[in-house]
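Everything below belongs to my_file_10.txt, which stores compact mmCIF, N, CA and C atoms and all ligand atoms.
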# COMPACT_ATOMS: atom_id res chain seq x y z
N MET D 278 81.51 37.48 42.51
CA MET D 278 80.26 36.78 42.25
C MET D 278 80.09 36.52 40.75
N ASN D 279 80.55 37.49 39.94
CA ASN D 279 80.30 37.36 38.51
C ASN D 279 81.13 36.27 37.86
N ASP D 280 82.19 35.84 38.56
CA ASP D 280 82.99 34.75 38.04
C ASP D 280 82.42 33.40 38.43
N CYS D 281 81.36 33.42 39.20
CA CYS D 281 80.82 32.16 39.72
C CYS D 281 80.20 31.35 38.58
N ILE D 282 80.71 30.14 38.39
CA ILE D 282 80.24 29.29 37.29
C ILE D 282 78.76 28.94 37.45
N PHE D 283 78.33 28.74 38.69
CA PHE D 283 76.92 28.38 38.88
C PHE D 283 75.99 29.56 38.58
N CYS D 284 76.43 30.79 38.92
CA CYS D 284 75.62 31.96 38.58
C CYS D 284 75.52 32.09 37.06
N LYS D 285 76.62 31.76 36.36
CA LYS D 285 76.59 31.81 34.89
C LYS D 285 75.63 30.77 34.33
N ILE D 286 75.61 29.59 34.93
CA ILE D 286 74.69 28.54 34.49
C ILE D 286 73.24 29.00 34.71
N ILE D 287 72.98 29.62 35.86
CA ILE D 287 71.62 30.12 36.16
C ILE D 287 71.18 31.12 35.08
N LYS D 288 72.13 32.00 34.70
CA LYS D 288 71.79 33.03 33.71
C LYS D 288 71.92 32.55 32.26
N ASN D 289 72.16 31.26 32.09
CA ASN D 289 72.36 30.68 30.75
C ASN D 289 73.56 31.28 30.02
N GLU D 290 74.53 31.76 30.78
CA GLU D 290 75.75 32.27 30.16
C GLU D 290 76.78 31.15 30.01
N SER D 291 76.56 30.05 30.73
CA SER D 291 77.39 28.85 30.57
C SER D 291 76.46 27.69 30.29
N PRO D 292 76.87 26.77 29.42
CA PRO D 292 75.99 25.65 29.10
C PRO D 292 75.90 24.67 30.26
N SER D 293 74.77 24.01 30.37
CA SER D 293 74.62 22.96 31.39
C SER D 293 73.47 22.07 30.94
N HIS D 294 73.37 20.92 31.59
CA HIS D 294 72.27 20.02 31.30
C HIS D 294 71.29 20.10 32.46
N LYS D 295 70.30 20.98 32.31
CA LYS D 295 69.34 21.22 33.38
C LYS D 295 68.31 20.11 33.42
N VAL D 296 67.92 19.74 34.63
CA VAL D 296 66.85 18.75 34.74
C VAL D 296 65.56 19.36 35.27
N TRP D 297 65.68 20.45 36.00
CA TRP D 297 64.48 21.06 36.59
C TRP D 297 64.85 22.43 37.15
N GLU D 298 63.89 23.35 37.16
CA GLU D 298 64.11 24.61 37.89
C GLU D 298 62.79 25.25 38.26
N ASN D 299 62.82 26.09 39.27
CA ASN D 299 61.69 26.97 39.57
C ASN D 299 62.28 28.35 39.87
N GLU D 300 61.53 29.22 40.49
CA GLU D 300 62.05 30.59 40.65
C GLU D 300 63.23 30.66 41.63
N ASN D 301 63.31 29.73 42.56
CA ASN D 301 64.36 29.79 43.58
C ASN D 301 65.52 28.81 43.41
N PHE D 302 65.26 27.69 42.73
CA PHE D 302 66.27 26.64 42.68
C PHE D 302 66.45 26.09 41.26
N LEU D 303 67.62 25.49 41.06
CA LEU D 303 67.93 24.87 39.77
C LEU D 303 68.63 23.54 40.02
N ALA D 304 68.27 22.53 39.25
CA ALA D 304 68.94 21.23 39.32
C ALA D 304 69.52 20.92 37.94
N PHE D 305 70.81 20.55 37.92
CA PHE D 305 71.47 20.23 36.65
C PHE D 305 72.49 19.13 36.90
N LEU D 306 72.95 18.50 35.82
CA LEU D 306 73.90 17.39 35.95
C LEU D 306 75.32 17.91 36.09
N THR D 307 76.10 17.24 36.92
CA THR D 307 77.53 17.60 37.03
C THR D 307 78.26 17.04 35.82
N LEU D 308 79.38 17.66 35.49
CA LEU D 308 80.20 17.13 34.39
C LEU D 308 80.99 15.93 34.88
N GLY D 309 81.49 16.02 36.08
CA GLY D 309 82.21 14.90 36.68
C GLY D 309 81.26 14.17 37.61
N SER D 310 80.88 12.96 37.23
CA SER D 310 79.82 12.27 37.96
C SER D 310 80.32 11.05 38.71
N LEU D 311 79.80 10.85 39.89
CA LEU D 311 80.07 9.62 40.63
C LEU D 311 79.30 8.47 39.99
N ASN D 312 78.08 8.77 39.56
CA ASN D 312 77.25 7.80 38.84
C ASN D 312 76.43 8.58 37.84
N CYS D 313 75.92 7.88 36.85
CA CYS D 313 75.03 8.50 35.88
C CYS D 313 73.84 9.12 36.63
N GLY D 314 73.50 10.36 36.30
CA GLY D 314 72.39 11.03 36.95
C GLY D 314 72.80 11.87 38.15
N HIS D 315 74.10 11.95 38.42
CA HIS D 315 74.63 12.78 39.53
C HIS D 315 74.21 14.24 39.28
N THR D 316 73.36 14.73 40.17
CA THR D 316 72.71 16.03 39.98
C THR D 316 73.15 17.01 41.06
N LEU D 317 73.25 18.27 40.69
CA LEU D 317 73.51 19.33 41.68
C LEU D 317 72.26 20.17 41.80
N LEU D 318 71.86 20.42 43.03
CA LEU D 318 70.71 21.30 43.30
C LEU D 318 71.27 22.57 43.94
N ILE D 319 70.96 23.71 43.34
CA ILE D 319 71.52 24.98 43.84
C ILE D 319 70.41 26.03 44.00
N PRO D 320 70.63 26.97 44.93
CA PRO D 320 69.71 28.11 45.00
C PRO D 320 70.09 29.10 43.90
N LYS D 321 69.14 29.86 43.41
CA LYS D 321 69.47 30.83 42.36
C LYS D 321 70.15 32.07 42.94
N LYS D 322 70.07 32.20 44.25
CA LYS D 322 70.75 33.31 44.92
C LYS D 322 72.18 32.87 45.24
N HIS D 323 73.15 33.74 44.95
CA HIS D 323 74.55 33.38 45.22
C HIS D 323 74.87 33.48 46.70
N ILE D 324 75.01 32.33 47.33
CA ILE D 324 75.43 32.25 48.73
C ILE D 324 76.47 31.15 48.77
N ASP D 325 77.57 31.38 49.48
CA ASP D 325 78.68 30.43 49.50
C ASP D 325 78.36 29.19 50.34
N TYR D 326 77.86 29.41 51.56
CA TYR D 326 77.83 28.35 52.57
C TYR D 326 76.40 27.96 52.92
N ILE D 327 76.11 26.68 52.86
CA ILE D 327 74.72 26.22 53.04
C ILE D 327 74.08 26.72 54.33
N PHE D 328 74.87 26.78 55.40
CA PHE D 328 74.27 27.18 56.67
C PHE D 328 74.15 28.70 56.82
N ASP D 329 74.51 29.41 55.75
CA ASP D 329 74.22 30.84 55.70
C ASP D 329 72.92 31.12 54.94
N LEU D 330 72.31 30.08 54.37
CA LEU D 330 71.03 30.28 53.67
C LEU D 330 69.96 30.68 54.69
N GLU D 331 69.18 31.68 54.32
CA GLU D 331 68.10 32.08 55.22
C GLU D 331 66.79 31.47 54.77
N GLU D 332 65.83 31.47 55.66
CA GLU D 332 64.49 30.99 55.31
C GLU D 332 63.84 31.97 54.35
N PRO D 333 63.02 31.51 53.39
CA PRO D 333 62.59 30.11 53.24
C PRO D 333 63.54 29.27 52.39
N LEU D 334 64.68 29.84 51.97
CA LEU D 334 65.57 29.09 51.07
C LEU D 334 66.17 27.86 51.74
N TYR D 335 66.52 27.99 53.02
CA TYR D 335 67.18 26.87 53.70
C TYR D 335 66.28 25.63 53.75
N THR D 336 65.09 25.81 54.26
CA THR D 336 64.17 24.68 54.30
C THR D 336 63.77 24.27 52.88
N GLY D 337 63.60 25.26 52.02
CA GLY D 337 63.17 25.01 50.64
C GLY D 337 64.13 24.12 49.88
N ILE D 338 65.43 24.31 50.07
CA ILE D 338 66.38 23.51 49.28
C ILE D 338 66.35 22.04 49.72
N PHE D 339 66.15 21.82 51.01
CA PHE D 339 66.09 20.43 51.47
C PHE D 339 64.77 19.75 51.06
N LEU D 340 63.70 20.54 51.10
CA LEU D 340 62.42 20.00 50.65
C LEU D 340 62.48 19.67 49.16
N THR D 341 63.11 20.54 48.40
CA THR D 341 63.26 20.32 46.96
C THR D 341 64.12 19.08 46.71
N ALA D 342 65.19 18.91 47.49
CA ALA D 342 66.05 17.73 47.34
C ALA D 342 65.23 16.46 47.56
N LYS D 343 64.37 16.50 48.56
CA LYS D 343 63.53 15.33 48.85
C LYS D 343 62.59 15.05 47.67
N GLN D 344 61.99 16.10 47.14
CA GLN D 344 61.04 15.91 46.04
C GLN D 344 61.74 15.43 44.77
N LEU D 345 62.93 15.95 44.52
CA LEU D 345 63.66 15.53 43.32
C LEU D 345 64.18 14.11 43.46
N SER D 346 64.44 13.68 44.68
CA SER D 346 65.03 12.36 44.88
C SER D 346 64.14 11.25 44.33
N LYS D 347 62.84 11.45 44.39
CA LYS D 347 61.93 10.37 43.95
C LYS D 347 62.00 10.11 42.44
N PRO D 348 61.75 11.13 41.60
CA PRO D 348 61.88 10.88 40.16
C PRO D 348 63.32 10.54 39.75
N LEU D 349 64.29 11.10 40.44
CA LEU D 349 65.69 10.80 40.10
C LEU D 349 66.00 9.33 40.37
N LYS D 350 65.53 8.84 41.49
CA LYS D 350 65.74 7.43 41.86
C LYS D 350 65.07 6.52 40.83
N LYS D 351 63.85 6.88 40.44
CA LYS D 351 63.14 6.06 39.44
C LYS D 351 63.84 6.12 38.09
N ALA D 352 64.19 7.32 37.65
CA ALA D 352 64.80 7.48 36.32
C ALA D 352 66.10 6.71 36.20
N MET D 353 66.87 6.64 37.29
CA MET D 353 68.18 5.99 37.25
C MET D 353 68.13 4.56 37.78
N ALA D 354 66.93 4.09 38.13
CA ALA D 354 66.77 2.76 38.72
C ALA D 354 67.78 2.54 39.85
N ALA D 355 67.88 3.56 40.71
CA ALA D 355 68.85 3.51 41.80
C ALA D 355 68.20 2.94 43.06
N LYS D 356 69.05 2.41 43.94
CA LYS D 356 68.52 1.89 45.21
C LYS D 356 68.24 3.04 46.16
N ARG D 357 69.11 4.04 46.14
CA ARG D 357 68.97 5.20 47.00
C ARG D 357 69.53 6.42 46.30
N ILE D 358 69.15 7.60 46.83
CA ILE D 358 69.81 8.82 46.39
C ILE D 358 70.67 9.29 47.56
N GLY D 359 71.97 9.34 47.32
CA GLY D 359 72.89 9.81 48.35
C GLY D 359 73.01 11.33 48.27
N VAL D 360 73.32 11.94 49.40
CA VAL D 360 73.43 13.39 49.48
C VAL D 360 74.82 13.78 49.97
N ILE D 361 75.46 14.69 49.27
CA ILE D 361 76.76 15.21 49.72
C ILE D 361 76.68 16.73 49.70
N ILE D 362 77.12 17.34 50.77
CA ILE D 362 77.24 18.80 50.80
C ILE D 362 78.62 19.11 51.35
N GLU D 363 79.46 19.72 50.55
CA GLU D 363 80.75 20.16 51.08
C GLU D 363 81.06 21.56 50.58
N GLY D 364 81.10 21.75 49.27
CA GLY D 364 81.16 23.11 48.76
C GLY D 364 82.52 23.74 48.67
N PHE D 365 83.58 22.94 48.59
CA PHE D 365 84.90 23.54 48.46
C PHE D 365 85.22 23.95 47.02
N THR D 366 84.70 23.22 46.06
CA THR D 366 85.11 23.49 44.68
C THR D 366 84.47 24.74 44.08
N VAL D 367 83.19 24.96 44.33
CA VAL D 367 82.52 26.17 43.82
C VAL D 367 81.86 26.85 45.02
N PRO D 368 82.17 28.14 45.25
CA PRO D 368 81.64 28.83 46.43
C PRO D 368 80.20 29.30 46.25
N HIS D 369 79.34 28.39 45.84
CA HIS D 369 77.91 28.67 45.66
C HIS D 369 77.21 27.40 46.12
N VAL D 370 76.35 27.53 47.10
CA VAL D 370 75.68 26.37 47.72
C VAL D 370 75.25 25.34 46.68
N HIS D 371 75.63 24.09 46.89
CA HIS D 371 75.13 23.02 46.03
C HIS D 371 75.01 21.72 46.82
N ILE D 372 73.90 21.06 46.59
CA ILE D 372 73.67 19.75 47.20
C ILE D 372 73.84 18.71 46.09
N HIS D 373 74.76 17.78 46.30
CA HIS D 373 74.92 16.68 45.35
C HIS D 373 73.85 15.64 45.62
N LEU D 374 73.12 15.25 44.59
CA LEU D 374 72.17 14.15 44.69
C LEU D 374 72.71 13.04 43.81
N VAL D 375 73.14 11.97 44.45
CA VAL D 375 73.86 10.92 43.72
C VAL D 375 73.07 9.62 43.70
N PRO D 376 72.63 9.18 42.52
CA PRO D 376 71.97 7.87 42.44
C PRO D 376 72.96 6.78 42.85
N LEU D 377 72.58 5.96 43.82
CA LEU D 377 73.47 4.92 44.31
C LEU D 377 72.87 3.53 44.07
N HIS D 378 73.73 2.62 43.66
CA HIS D 378 73.30 1.24 43.40
C HIS D 378 73.91 0.28 44.41
N ASN D 379 75.02 0.68 45.00
CA ASN D 379 75.72 -0.15 45.98
C ASN D 379 76.38 0.75 47.00
N GLU D 380 76.83 0.15 48.10
CA GLU D 380 77.56 0.96 49.07
C GLU D 380 78.95 1.30 48.52
N ASP D 381 79.61 2.22 49.15
CA ASP D 381 80.97 2.64 48.79
C ASP D 381 81.06 3.34 47.43
N GLU D 382 79.94 3.81 46.92
CA GLU D 382 80.02 4.51 45.63
C GLU D 382 80.34 6.00 45.78
N ILE D 383 80.18 6.51 47.00
CA ILE D 383 80.55 7.91 47.21
C ILE D 383 82.04 7.96 47.52
N ASP D 384 82.82 8.06 46.47
CA ASP D 384 84.28 8.04 46.58
C ASP D 384 84.82 8.93 45.46
N PRO D 385 85.46 10.03 45.82
CA PRO D 385 85.94 10.99 44.80
C PRO D 385 86.80 10.34 43.71
N GLN D 386 87.43 9.22 44.03
CA GLN D 386 88.26 8.51 43.04
C GLN D 386 87.42 7.97 41.88
N ARG D 387 86.12 7.81 42.13
CA ARG D 387 85.25 7.22 41.11
C ARG D 387 84.70 8.24 40.12
N VAL D 388 84.94 9.54 40.38
CA VAL D 388 84.36 10.57 39.52
C VAL D 388 84.84 10.39 38.09
N LYS D 389 83.85 10.36 37.18
CA LYS D 389 84.22 10.18 35.78
C LYS D 389 83.53 11.26 34.95
N LYS D 390 84.24 11.72 33.96
CA LYS D 390 83.70 12.77 33.11
C LYS D 390 82.73 12.15 32.12
N MET D 391 81.52 12.69 32.09
CA MET D 391 80.51 12.16 31.18
C MET D 391 80.62 12.91 29.85
N THR D 392 80.25 12.26 28.78
CA THR D 392 80.25 12.96 27.49
C THR D 392 79.00 13.84 27.41
N ASP D 393 79.05 14.80 26.50
CA ASP D 393 77.92 15.70 26.33
C ASP D 393 76.66 14.93 25.95
N MET D 394 76.85 13.92 25.12
CA MET D 394 75.74 13.08 24.67
C MET D 394 75.13 12.33 25.85
N GLU D 395 75.98 11.72 26.69
CA GLU D 395 75.49 10.99 27.87
C GLU D 395 74.71 11.93 28.79
N LEU D 396 75.27 13.14 28.99
CA LEU D 396 74.62 14.11 29.88
C LEU D 396 73.26 14.54 29.31
N ALA D 397 73.23 14.80 28.01
CA ALA D 397 71.98 15.25 27.38
C ALA D 397 70.91 14.17 27.51
N GLU D 398 71.28 12.92 27.25
CA GLU D 398 70.31 11.82 27.34
C GLU D 398 69.83 11.61 28.76
N THR D 399 70.76 11.70 29.71
CA THR D 399 70.39 11.49 31.11
C THR D 399 69.48 12.62 31.60
N ALA D 400 69.82 13.86 31.25
CA ALA D 400 69.01 15.01 31.68
C ALA D 400 67.58 14.88 31.16
N GLU D 401 67.48 14.44 29.93
CA GLU D 401 66.17 14.25 29.29
C GLU D 401 65.34 13.19 30.04
N LYS D 402 66.02 12.10 30.35
CA LYS D 402 65.37 10.99 31.06
C LYS D 402 64.84 11.44 32.43
N ILE D 403 65.69 12.18 33.16
CA ILE D 403 65.29 12.62 34.50
C ILE D 403 64.18 13.66 34.41
N SER D 404 64.33 14.60 33.49
CA SER D 404 63.32 15.66 33.45
C SER D 404 61.97 15.12 32.99
N LYS D 405 61.99 14.12 32.12
CA LYS D 405 60.73 13.46 31.73
C LYS D 405 60.07 12.80 32.94
N LYS D 406 60.88 12.15 33.75
CA LYS D 406 60.36 11.46 34.93
C LYS D 406 59.79 12.49 35.92
N ILE D 407 60.45 13.62 36.04
CA ILE D 407 59.94 14.67 36.94
C ILE D 407 58.59 15.16 36.44
N LYS D 408 58.51 15.41 35.14
CA LYS D 408 57.24 15.94 34.57
C LYS D 408 56.11 14.94 34.65
N SER D 409 56.44 13.65 34.53
CA SER D 409 55.38 12.63 34.52
C SER D 409 55.07 12.15 35.93
N GLY D 410 55.81 12.67 36.93
CA GLY D 410 55.68 12.16 38.29
C GLY D 410 54.32 12.44 38.89
N ASP D 411 53.95 11.59 39.84
CA ASP D 411 52.69 11.83 40.53
C ASP D 411 52.90 12.73 41.74
N GLU D 412 54.15 12.79 42.22
CA GLU D 412 54.43 13.72 43.33
C GLU D 412 54.73 15.09 42.75
N SER D 413 54.11 16.11 43.31
CA SER D 413 54.34 17.44 42.78
C SER D 413 55.65 18.01 43.34
N ILE D 414 56.27 18.84 42.52
CA ILE D 414 57.50 19.49 42.95
C ILE D 414 57.20 20.97 43.09
N LEU D 415 57.78 21.58 44.07
CA LEU D 415 57.55 23.00 44.35
C LEU D 415 57.63 23.87 43.12
ZN ZN D 501 77.08 31.94 42.28
Write-out of the structure in structure tokens:
Amino acid sequence: MNDCIFCKIIKNESPSHKVWENENFLAFLTLGSLNCGHTLLIPKKHIDYIFDLEEPLYTGIFLTAKQLSKPLKKAMAAKRIGVIIEGFTVPHVHIHLVPLHNEDEIDPQRVKKMTDMELAETAEKISKKIKSGDESIL
């Protein structure tokens, strides 16, 4: 568990570009992004597999994904927010929230590494939109 990169990000032992957090969940930008604003939403509790999450975390993570999708969509001027859950790369539950502008954008071949500057600017833009939003987030 202690080698888990996401647990390190939660504890601020590894750097990340956070966009939002509360006591149970954290949202931050991926380094390898399908599109600008590609966000990962994770529970703060280390659990490998999404369907092993117990209540209220299981329902909570999906509700949080829904609430984050609105400001994320606005901040990135996206047509939709796509959702991917697979979890092979890091054994800590994560929901990918991907701003989409066209179909066929969810393709691993398209993943591109963002610069630190791009990530910092994007995180700032999204978190501002979340704070200024009219919909409340848990
Ligand atoms: Zn972990």
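Between atom CA of D:Met391 and atom CA of D:Thr316 lies a distance of 12.4 Å.
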task: May I ask you to write as a ChimeraX atom specification all residues lying at most 10 Å from ligand ZN 501 (chain D), with only C-alpha atoms and all ligand atoms counted?
output: /D:278-287,319-325,367-371
field: Point-to-point distance in Å for atom CA of D:Ile407 and atom CA of D:Phe365
entry: 28.9 Å
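Counting only C-alpha atoms, the residue from D:Thr366, D:Lys295, D:Asn312, D:Lys405 that sits nearest to D:Asp384 is D:Asn312.
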statement: A straight line from atom CA of D:Asn289 to atom CA of D:Glu332 spans 25.8 Å
- request: Write out as number ranges by chain all residues of chain D that DSSP puts in strand (DSSP E or B) for this structure's backbone.
  value: D: 295-298, 302-306, 309-310, 316-320, 357-361, 372-377, 389-390
Put the listed atoms of stretch 349-360 of chain D in a box along x, y and z with 4 Å added on every side and give me the centre and edge lengths in Å to one decimal, as lines of an AutoDock Vina configuration file.
center_x = 69.0
center_y = 7.8
center_z = 43.1
size_x = 19.7
size_y = 19.9
size_z = 21.8
Option closest in space to D:Val296, from D:Glu401, D:Glu331, D:Asp381, D:Glu363 [counting only N, CA and C atoms]: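 The shortest atom-to-atom distance to D:Val296 comes from D:Glu401.
Using all atoms listed in the file, the nearest neighbour of D:Trp297 within the list D:Gly359, D:Ser404, D:Pro376, D:Thr341 is D:Ser404.
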task: Give the answer as one residue: which of D:Gly337, D:Glu298, D:Cys313, D:Phe305 has the shortest atom-to-atom distance to D:Glu395, using only N, CA and C atoms?
output: D:Cys313
statement: D:Val375 proximity check over D:Leu308, D:Ile403, D:Ala397, D:Ile361, using only N, CA and C atoms: winner is D:Ile361
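If you measure from each of D:Pro348, D:Pro292, D:Tyr335, D:Ile358 to D:Lys408 using all atoms listed in the file, the closest one turns out to be D:Pro348.
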- request: Could you find all residues in chain D that DSSP calls helix (DSSP H, G or I) from the backbone, and write them as number ranges by chain?
  value: D: 282-287, 327-329, 334-352, 385-387, 393-409
